[in-house]
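Structure below is upload.txt: compact mmCIF, C-alpha atoms.
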```
# COMPACT_ATOMS: atom_id res chain seq x y z
CA MET A 458 43.49 63.20 -22.16
CA ARG A 459 42.22 59.65 -21.65
CA PRO A 460 38.40 59.29 -21.93
CA PHE A 461 37.95 58.16 -18.29
CA PHE A 462 39.76 61.23 -16.96
CA ARG A 463 37.99 63.51 -19.47
CA ILE A 464 34.58 62.40 -18.18
CA LEU A 465 35.63 62.67 -14.53
CA SER A 466 37.16 66.10 -15.16
CA ALA A 467 33.93 67.31 -16.75
CA ILE A 468 31.92 66.02 -13.79
CA THR A 469 34.33 67.67 -11.36
CA ILE A 470 34.19 71.02 -13.14
CA THR A 471 30.39 70.89 -13.14
CA LEU A 472 30.19 70.01 -9.44
CA ALA A 473 32.91 72.45 -8.42
CA ALA A 474 31.27 75.33 -10.29
CA GLY A 475 28.35 75.23 -7.87
CA SER A 476 30.52 75.07 -4.78
CA ALA A 477 33.87 76.62 -5.70
CA ALA A 478 34.01 78.74 -2.56
CA ALA A 479 33.30 75.74 -0.34
CA ALA A 480 36.00 73.51 -1.93
CA GLU A 481 34.28 70.48 -0.42
CA TYR A 482 33.58 67.09 -1.97
CA ARG A 483 31.67 64.02 -0.76
CA ALA A 484 31.82 60.27 -1.24
CA GLY A 485 29.48 58.30 1.02
CA ASP A 486 30.28 59.28 4.62
CA ILE A 487 33.58 60.89 3.56
CA THR A 488 33.95 64.65 3.16
CA ILE A 489 37.05 66.11 1.50
CA ALA A 490 37.67 69.80 2.17
CA ASP A 491 40.23 72.30 0.90
CA PRO A 492 42.26 70.11 -1.50
CA TRP A 493 45.37 72.01 -2.56
CA SER A 494 48.91 71.81 -3.85
CA ARG A 495 51.90 74.06 -4.41
CA ALA A 496 53.17 75.42 -7.71
CA THR A 497 56.23 73.56 -9.00
CA ALA A 498 59.26 74.59 -11.01
CA PRO A 499 59.10 73.82 -14.76
CA ALA A 500 61.52 70.88 -14.46
CA ALA A 501 60.03 69.42 -11.27
CA ARG A 502 59.17 65.72 -11.45
CA THR A 503 57.19 65.59 -8.18
CA GLY A 504 54.45 67.52 -6.44
CA ALA A 505 52.31 67.01 -3.36
CA GLY A 506 48.62 67.21 -2.59
CA PHE A 507 47.00 68.15 0.70
CA MET A 508 43.44 68.22 2.08
CA THR A 509 41.22 67.53 5.07
CA ILE A 510 39.31 64.24 5.06
CA GLY A 511 36.41 63.75 7.48
CA ASN A 512 34.50 60.56 8.15
CA GLY A 513 30.96 61.34 9.35
CA GLY A 514 29.95 57.68 9.37
CA SER A 515 29.93 54.96 12.01
CA ALA A 516 32.42 52.71 10.15
CA ASP A 517 36.13 53.23 9.62
CA ASP A 518 37.28 53.90 6.07
CA ARG A 519 40.63 54.15 4.35
CA LEU A 520 42.02 56.18 1.45
CA ILE A 521 43.56 53.40 -0.63
CA ALA A 522 44.54 55.06 -3.91
CA ALA A 523 44.83 58.31 -5.85
CA ALA A 524 45.41 59.08 -9.52
CA THR A 525 45.77 62.10 -11.78
CA GLU A 526 46.66 62.75 -15.40
CA ALA A 527 49.06 65.40 -14.09
CA ALA A 528 51.47 62.66 -12.95
CA GLY A 529 52.57 59.18 -13.93
CA ARG A 530 51.56 57.88 -10.51
CA VAL A 531 50.35 59.05 -7.13
CA GLU A 532 51.42 57.47 -3.86
CA LEU A 533 50.04 58.00 -0.36
CA HIS A 534 52.91 59.20 1.87
CA ARG A 535 53.78 60.23 5.40
CA SER A 536 56.75 62.49 6.13
CA VAL A 537 58.79 61.41 9.15
CA MET A 538 62.00 62.67 10.71
CA GLN A 539 64.62 59.88 10.83
CA ASP A 540 68.19 60.50 11.99
CA GLY A 541 67.77 64.23 11.47
CA VAL A 542 66.54 63.81 7.89
CA MET A 543 62.95 64.25 6.70
CA ARG A 544 61.91 61.14 4.79
CA MET A 545 58.74 60.21 2.97
CA ILE A 546 57.34 56.77 3.69
CA GLU A 547 54.77 55.27 1.32
CA GLN A 548 51.62 54.20 3.16
CA GLU A 549 51.18 50.94 1.25
CA ASP A 550 48.06 50.00 3.23
CA GLY A 551 46.52 53.41 2.60
CA ILE A 552 45.58 56.19 5.00
CA PRO A 553 43.06 55.23 7.71
CA VAL A 554 40.09 57.56 8.19
CA PRO A 555 38.48 56.41 11.46
CA ALA A 556 34.73 56.76 11.96
CA GLY A 557 33.75 60.16 13.34
CA GLU A 558 37.26 61.57 12.90
CA THR A 559 39.15 63.93 10.63
CA VAL A 560 42.52 63.26 9.00
CA ILE A 561 44.59 66.15 7.70
CA LEU A 562 46.96 65.74 4.76
CA GLU A 563 49.45 68.57 5.17
CA PRO A 564 53.07 69.54 4.52
CA GLY A 565 55.37 67.61 6.84
CA GLY A 566 52.78 64.87 7.47
CA LEU A 567 50.42 62.71 5.45
CA HIS A 568 50.10 63.77 1.80
CA LEU A 569 49.59 62.67 -1.80
CA MET A 570 52.90 62.35 -3.65
CA MET A 571 52.49 62.97 -7.38
CA MET A 572 55.44 61.40 -9.19
CA GLY A 573 56.44 61.84 -12.80
CA LEU A 574 54.63 65.13 -13.31
CA THR A 575 53.55 65.60 -16.92
CA GLY A 576 54.15 69.35 -16.59
CA PRO A 577 54.55 72.01 -13.91
CA LEU A 578 51.75 72.67 -11.45
CA ALA A 579 50.97 76.33 -12.16
CA LYS A 580 49.85 78.79 -9.48
CA ASP A 581 46.09 79.47 -9.63
CA SER A 582 45.42 76.32 -11.68
CA ARG A 583 43.40 73.29 -10.59
CA VAL A 584 44.53 69.67 -10.75
CA PRO A 585 41.82 66.97 -10.91
CA VAL A 586 42.67 63.97 -8.71
CA ILE A 587 40.70 60.75 -8.34
CA LEU A 588 40.62 59.51 -4.73
CA THR A 589 39.56 55.94 -3.96
CA PHE A 590 38.29 54.95 -0.52
CA GLU A 591 37.87 51.39 0.69
CA ARG A 592 34.20 51.87 1.70
CA ALA A 593 33.07 55.21 0.25
CA GLY A 594 34.32 54.50 -3.26
CA THR A 595 35.71 57.03 -5.72
CA VAL A 596 35.49 60.81 -5.79
CA VAL A 597 37.17 63.39 -8.02
CA VAL A 598 38.56 66.48 -6.29
CA GLU A 599 40.46 69.45 -7.67
CA LEU A 600 43.67 70.56 -6.01
CA ALA A 601 43.79 74.38 -5.99
CA VAL A 602 47.42 75.24 -6.77
CA GLY A 603 48.90 77.96 -4.58
CA ALA A 604 52.28 79.65 -4.65
CA ALA A 605 55.45 77.58 -4.46
CA GLY A 606 56.43 77.07 -0.82
CA SER A 607 52.99 77.99 0.55
CA ALA A 608 52.11 76.38 3.86
CA MET A 609 48.30 76.54 3.64
CA ALA A 610 45.51 76.20 1.09
CA PRO A 611 45.32 79.14 -1.33
CA MET A 612 43.10 82.06 -0.32
CA GLY A 613 39.60 81.84 -1.73
CA HIS A 614 39.74 78.06 -1.85
CA GLY A 615 38.11 77.18 1.43
CA ALA A 616 41.12 78.22 3.48
CA ALA A 617 38.95 80.16 5.91
CA GLY A 618 41.26 83.13 5.61
CA HIS A 619 44.34 81.18 6.64
CA GLY A 620 46.21 81.30 3.32
CA ASN A 621 49.81 82.25 2.51
```

Could you write out this file's structure as structure tokens?
Amino acid sequence: MRPFFRILSAITITLAAGSAAAAEYRAGDITIADPWSRATAPAARTGAGFMTIGNGGSADDRLIAAATEAAGRVELHRSVMQDGVMRMIEQEDGIPVPAGETVILEPGGLHLMMMGLTGPLAKDSRVPVILTFERAGTVVVELAVGAAGSAMAPMGHGAAGHGN
């Protein structure tokens, strides 16, 4: 593990230990709640990350980058239906998070696309991800990995009883 990620992972584990049930992280006016992913097959090369991002401030912000040691790269994507086919479009300018609003990254919509996975995402594991916001800066979150094909955040990870 690279030293930068090792330090950030240690910080994340320390912070998450005190608020594991809440599954909530902060960076400036930004709040990230219920970060999660789905388990992947052993040979899978891609995975996705989902969460709720709230902006409690008076200025717009933007998620501009994400990174994890679990993948070679992470892109910010939006799924759209085009000509009867679901396609993923990279959001090269990032994902806007307007002041006073909440943006949901979810299956079939906005999401993190982890490409070149270094190994499978295992059910019940956690994947540290570094999120970078234009104004709020950087925050490390942990994606709680649920079952393959799950549609909601895993139970016990801030899903408010809406898992499965």

Residues within 10 Å of A:Ala522, all atoms listed in the file, excluding chain neighbours under 5 positions, as a PDB file with C-alpha atoms, keeping the file's coordinate frame:
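Contents of the output file result.pdb:
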```
ATOM      1  CA  VAL A 531      50.350  59.050  -7.130  1.00  0.00           C
ATOM      2  CA  GLU A 532      51.420  57.470  -3.860  1.00  0.00           C
ATOM      3  CA  LEU A 533      50.040  58.000  -0.360  1.00  0.00           C
ATOM      4  CA  GLU A 549      51.180  50.940   1.250  1.00  0.00           C
ATOM      5  CA  ASP A 550      48.060  50.000   3.230  1.00  0.00           C
ATOM      6  CA  GLY A 551      46.520  53.410   2.600  1.00  0.00           C
ATOM      7  CA  ILE A 552      45.580  56.190   5.000  1.00  0.00           C
ATOM      8  CA  LEU A 569      49.590  62.670  -1.800  1.00  0.00           C
ATOM      9  CA  ILE A 587      40.700  60.750  -8.340  1.00  0.00           C
ATOM     10  CA  LEU A 588      40.620  59.510  -4.730  1.00  0.00           C
ATOM     11  CA  THR A 589      39.560  55.940  -3.960  1.00  0.00           C
ATOM     12  CA  PHE A 590      38.290  54.950  -0.520  1.00  0.00           C
ATOM     13  CA  GLU A 591      37.870  51.390   0.690  1.00  0.00           C
ATOM     14  CA  THR A 595      35.710  57.030  -5.720  1.00  0.00           C
TER      15      THR A 595
END
```

Check: Quick one: of A:Gln548, A:Thr525, A:Thr488, A:Ser515, who's nearest to A:Arg583, counting all atoms listed in the file?
Finding: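 Distance minimum relative to A:Arg583 lands on A:Thr525.
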
Next item on the list: May I ask which of the residues A:Gly485, A:Asp517, A:Val586, A:Gly565 is the closest one to A:Val542, counting all atoms listed in the file?
Entry: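 Going through A:Gly485, A:Asp517, A:Val586, A:Gly565 one by one, the smallest distance to A:Val542 is for A:Gly565.
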
Next item on the list: Could you check which of A:Arg483, A:Arg592, A:His568, A:Lys580 is closest to A:Ser536, using only C-alpha atoms?
Entry: A:His568

Next item on the list: In Å, rounded to a single decimal, give me how far atom CA of A:Val537 is from atom CA of A:Thr497.
Entry: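 One can read the atom CA of A:Thr497 to atom CA of A:Val537 distance as 22.0 Å.
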
Notebook entry, point to check: Taking into account all atoms listed in the file, which residue in the set A:Leu567, A:Ala593, A:Leu578, A:Ala605 is nearest to A:Arg519?
Noted result: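 Closest to A:Arg519, using all atoms listed in the file: A:Ala593.
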
Check: Using only C-alpha atoms, which of the listed residues (A:Thr509, A:Ser494, A:Ala579, A:Ala527) sits closest to A:Val560?
Finding: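 So, comparing all the options, the nearest one is A:Thr509.
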
Note to self: Using Å and a single decimal, report how far atom CA of A:Leu600 sits from atom CA of A:Asp491.
What the structure shows: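 Here the two named atoms are 7.9 Å from each other.
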